[in-house]
Amino acid sequence: MTAMGLLLLSMMGYSQHMQQVGGPDGGSGSRLYSRQDWGARLAKQVEHFPGPAPYVIIHHSYIPAACFTTEDCMKSMRSMQDFHQLERGWNDIGYSFGIGGDGMIYTGRGFNTIGAHAPKYNDKSVGIVLIGDWRTELPPQNMLQAAKDLIAFGVAKGYIDPAYKLLGHRQVRDTECPGGRLFEEISSWPHFTILNTTATDVKSTQAAVQKV
């Protein structure tokens with residue numbers, strides 16, 4: 001993690017219930033926005049799991065497409081929450097955090113909160129979605145760095161196990177997510193793990209009904 005990235009994330013004084021945005025406007029490094037900042041609707045229900053999380057799972061949104069301004073990325077977060085809550089009937093946006101093309105981090109369900117992004121892993125992982133379609137294109141460097149900064153912050157604060165396993169969504173479900181190009185990228189990151197999972201095991205998760 002970059003020193004500036006850790007500084008800005010630490011300055012914001014992260015908490016599950018009230019998050020303060022830290023760092024100077026326009027400054028380098030990763031900045032984390034709270035749910036209130038991006039205009040999140042209240043969750044229907046919030047369920048926590050004991051940390052630290054042993055898994056970090058990387059996703060892409062596919063839709064909405066990549067966003068490159070903070071205003072557009074906030075709209076994308078609201079769009080995903082609308083889809084997950086109103087159309088799928090979930091308690092909240094499925095992911096723990098979102099990463100925008102502006103290089104900023106957006107709080108979804110947050111750390112140690114049961115998500116709805118990866119069946120069988122929702123109660124033991126941090127789900128990070130990089131907003132956009134990353135099947136053939138690599139996310140901008142600022143997005144990749146923000147994801148790395150967030151993971152390092154989670155480890156430093158005890159939310160993520162220092163020996164965490166890094167996975168792409170496709171490793172736990174029959175899906176293209178997080179896109180071929182992004183998956184290729186994260187396979188070179190520290191803690192990337194190859195699971196001994198059969199095709200039958202993966203496809204069986206498709207039948208899991210997500211209501212969390």
# chains A, B, ... in the order shown; residues from 1 in each chain; ligands from 1

call {"tool": "residues_around", "arguments": {"residues": "region 61-75 of chain A", "least_positions_apart": "6", "cutoff": "7 Å", "atoms": "only C-alpha atoms", "output": "ChimeraX atom specification"}}
result
/A:38,100-102,129-133

call {"tool": "write_last_selection", "arguments": {"atoms": "C-alpha atoms", "output": "short mmCIF file (atom, residue, chain, number, x, y, z; two decimals), in the first residue's frame"}}
result
data_model
loop_
_atom_site.label_atom_id
_atom_site.label_comp_id
_atom_site.auth_asym_id
_atom_site.auth_seq_id
_atom_site.Cartn_x
_atom_site.Cartn_y
_atom_site.Cartn_z
CA TRP A 38 -22.88 8.64 -2.23
CA GLY A 100 -14.53 3.95 -9.24
CA GLY A 101 -12.55 5.10 -12.25
CA ASP A 102 -11.91 8.27 -10.28
CA VAL A 129 -16.33 -4.44 -7.19
CA LEU A 130 -14.34 -2.45 -9.74
CA ILE A 131 -17.05 -0.52 -11.55
CA GLY A 132 -17.04 -1.26 -15.28
CA ASP A 133 -16.64 -4.06 -17.82
#

call {"tool": "closest_residue", "arguments": {"among": "A:Leu32, A:Val46, A:Ala147, A:Ile194", "to": "His60 (chain A)", "atoms": "only C-alpha atoms"}}
result
A:Ala147

call {"tool": "select_by_dssp", "arguments": {"residues": "region 64-200 of chain A", "states": "helix (DSSP H, G or I)", "output": "PyMOL selection string"}}
result
chain A and resi 70-87+141-156+169-171+180-186+199-200

call {"tool": "atom_distance", "arguments": {"atom1": "CA of Leu42 (chain A)", "atom2": "CA of Tyr95 (chain A)"}}
result
14.5 Å

call {"tool": "select_by_dssp", "arguments": {"residues": "region 156-196 of chain A", "states": "strand (DSSP E)", "output": "PyMOL selection string"}}
result
chain A and resi 160-168

call {"tool": "closest_residue", "arguments": {"among": "A:Glu184, A:Glu87, A:Asp92, A:Asp123", "to": "Pro54 (chain A)", "atoms": "only C-alpha atoms"}}
result
A:Asp123

call {"tool": "residues_around", "arguments": {"residues": "region 135-143 of chain A", "least_positions_apart": "2", "cutoff": "6 Å", "atoms": "only C-alpha atoms", "output": "PyMOL selection string"}}
result
chain A and resi 101+103+133+145-146+179-182

call {"tool": "write_last_selection", "arguments": {"atoms": "N, CA and C atoms", "output": "mmCIF file, in the first residue's frame"}}
result
data_model
loop_
_atom_site.group_PDB
_atom_site.id
_atom_site.type_symbol
_atom_site.label_atom_id
_atom_site.label_comp_id
_atom_site.auth_asym_id
_atom_site.auth_seq_id
_atom_site.Cartn_x
_atom_site.Cartn_y
_atom_site.Cartn_z
ATOM 1 N N GLY A 101 -13.606 4.674 -11.339
ATOM 2 C CA GLY A 101 -12.552 5.095 -12.249
ATOM 3 C C GLY A 101 -11.938 6.423 -11.862
ATOM 4 N N GLY A 103 -10.638 6.608 -9.022
ATOM 5 C CA GLY A 103 -9.639 6.159 -8.067
ATOM 6 C C GLY A 103 -10.110 6.212 -6.625
ATOM 7 N N ASP A 133 -16.747 -2.785 -17.114
ATOM 8 C CA ASP A 133 -16.638 -4.057 -17.817
ATOM 9 C C ASP A 133 -15.158 -4.304 -18.100
ATOM 10 N N GLN A 145 -4.789 0.477 -7.845
ATOM 11 C CA GLN A 145 -4.095 0.896 -6.636
ATOM 12 C C GLN A 145 -5.070 1.106 -5.484
ATOM 13 N N ALA A 146 -6.244 1.651 -5.785
ATOM 14 C CA ALA A 146 -7.251 1.856 -4.734
ATOM 15 C C ALA A 146 -7.684 0.528 -4.127
ATOM 16 N N GLY A 179 -14.190 -10.488 -15.180
ATOM 17 C CA GLY A 179 -13.701 -10.167 -16.513
ATOM 18 C C GLY A 179 -12.313 -10.754 -16.719
ATOM 19 N N GLY A 180 -12.075 -11.256 -17.933
ATOM 20 C CA GLY A 180 -10.816 -11.942 -18.199
ATOM 21 C C GLY A 180 -9.574 -11.108 -17.962
ATOM 22 N N ARG A 181 -9.618 -9.854 -18.391
ATOM 23 C CA ARG A 181 -8.415 -9.020 -18.264
ATOM 24 C C ARG A 181 -8.132 -8.679 -16.808
ATOM 25 N N LEU A 182 -9.176 -8.365 -16.054
ATOM 26 C CA LEU A 182 -8.971 -8.065 -14.638
ATOM 27 C C LEU A 182 -8.551 -9.320 -13.882
#

call {"tool": "closest_residue", "arguments": {"among": "A:Ala43, A:Ala53, A:Ala156, A:Leu144", "to": "Gly94 (chain A)", "atoms": "only C-alpha atoms"}}
result
A:Ala43

call {"tool": "atom_distance", "arguments": {"atom1": "CA of Phe192 (chain A)", "atom2": "CA of Arg109 (chain A)"}}
result
23.0 Å

call {"tool": "closest_residue", "arguments": {"among": "A:Asp161, A:Asp149, A:Glu176, A:Glu185", "to": "Arg31 (chain A)", "atoms": "only C-alpha atoms"}}
result
A:Asp149

call {"tool": "closest_residue", "arguments": {"among": "A:Asn122, A:Thr175, A:Ile128, A:His84", "to": "Ser96 (chain A)", "atoms": "only C-alpha atoms"}}
result
A:Ile128

call {"tool": "residues_around", "arguments": {"residues": "Gln81 (chain A)", "least_positions_apart": "3", "cutoff": "8 Å", "atoms": "only C-alpha atoms", "output": "list in words"}}
result
Ala40, Arg41, Met77, Arg78, His84, Gln85, Leu86, Asp92, Ile93 and Gly94 of chain A

call {"tool": "atom_distance", "arguments": {"atom1": "CA of Trp90 (chain A)", "atom2": "CA of Tyr164 (chain A)"}}
result
26.6 Å

call {"tool": "closest_residue", "arguments": {"among": "A:Ile58, A:Val155, A:Leu150, A:Val126", "to": "Tyr33 (chain A)", "atoms": "only C-alpha atoms"}}
result
A:Leu150
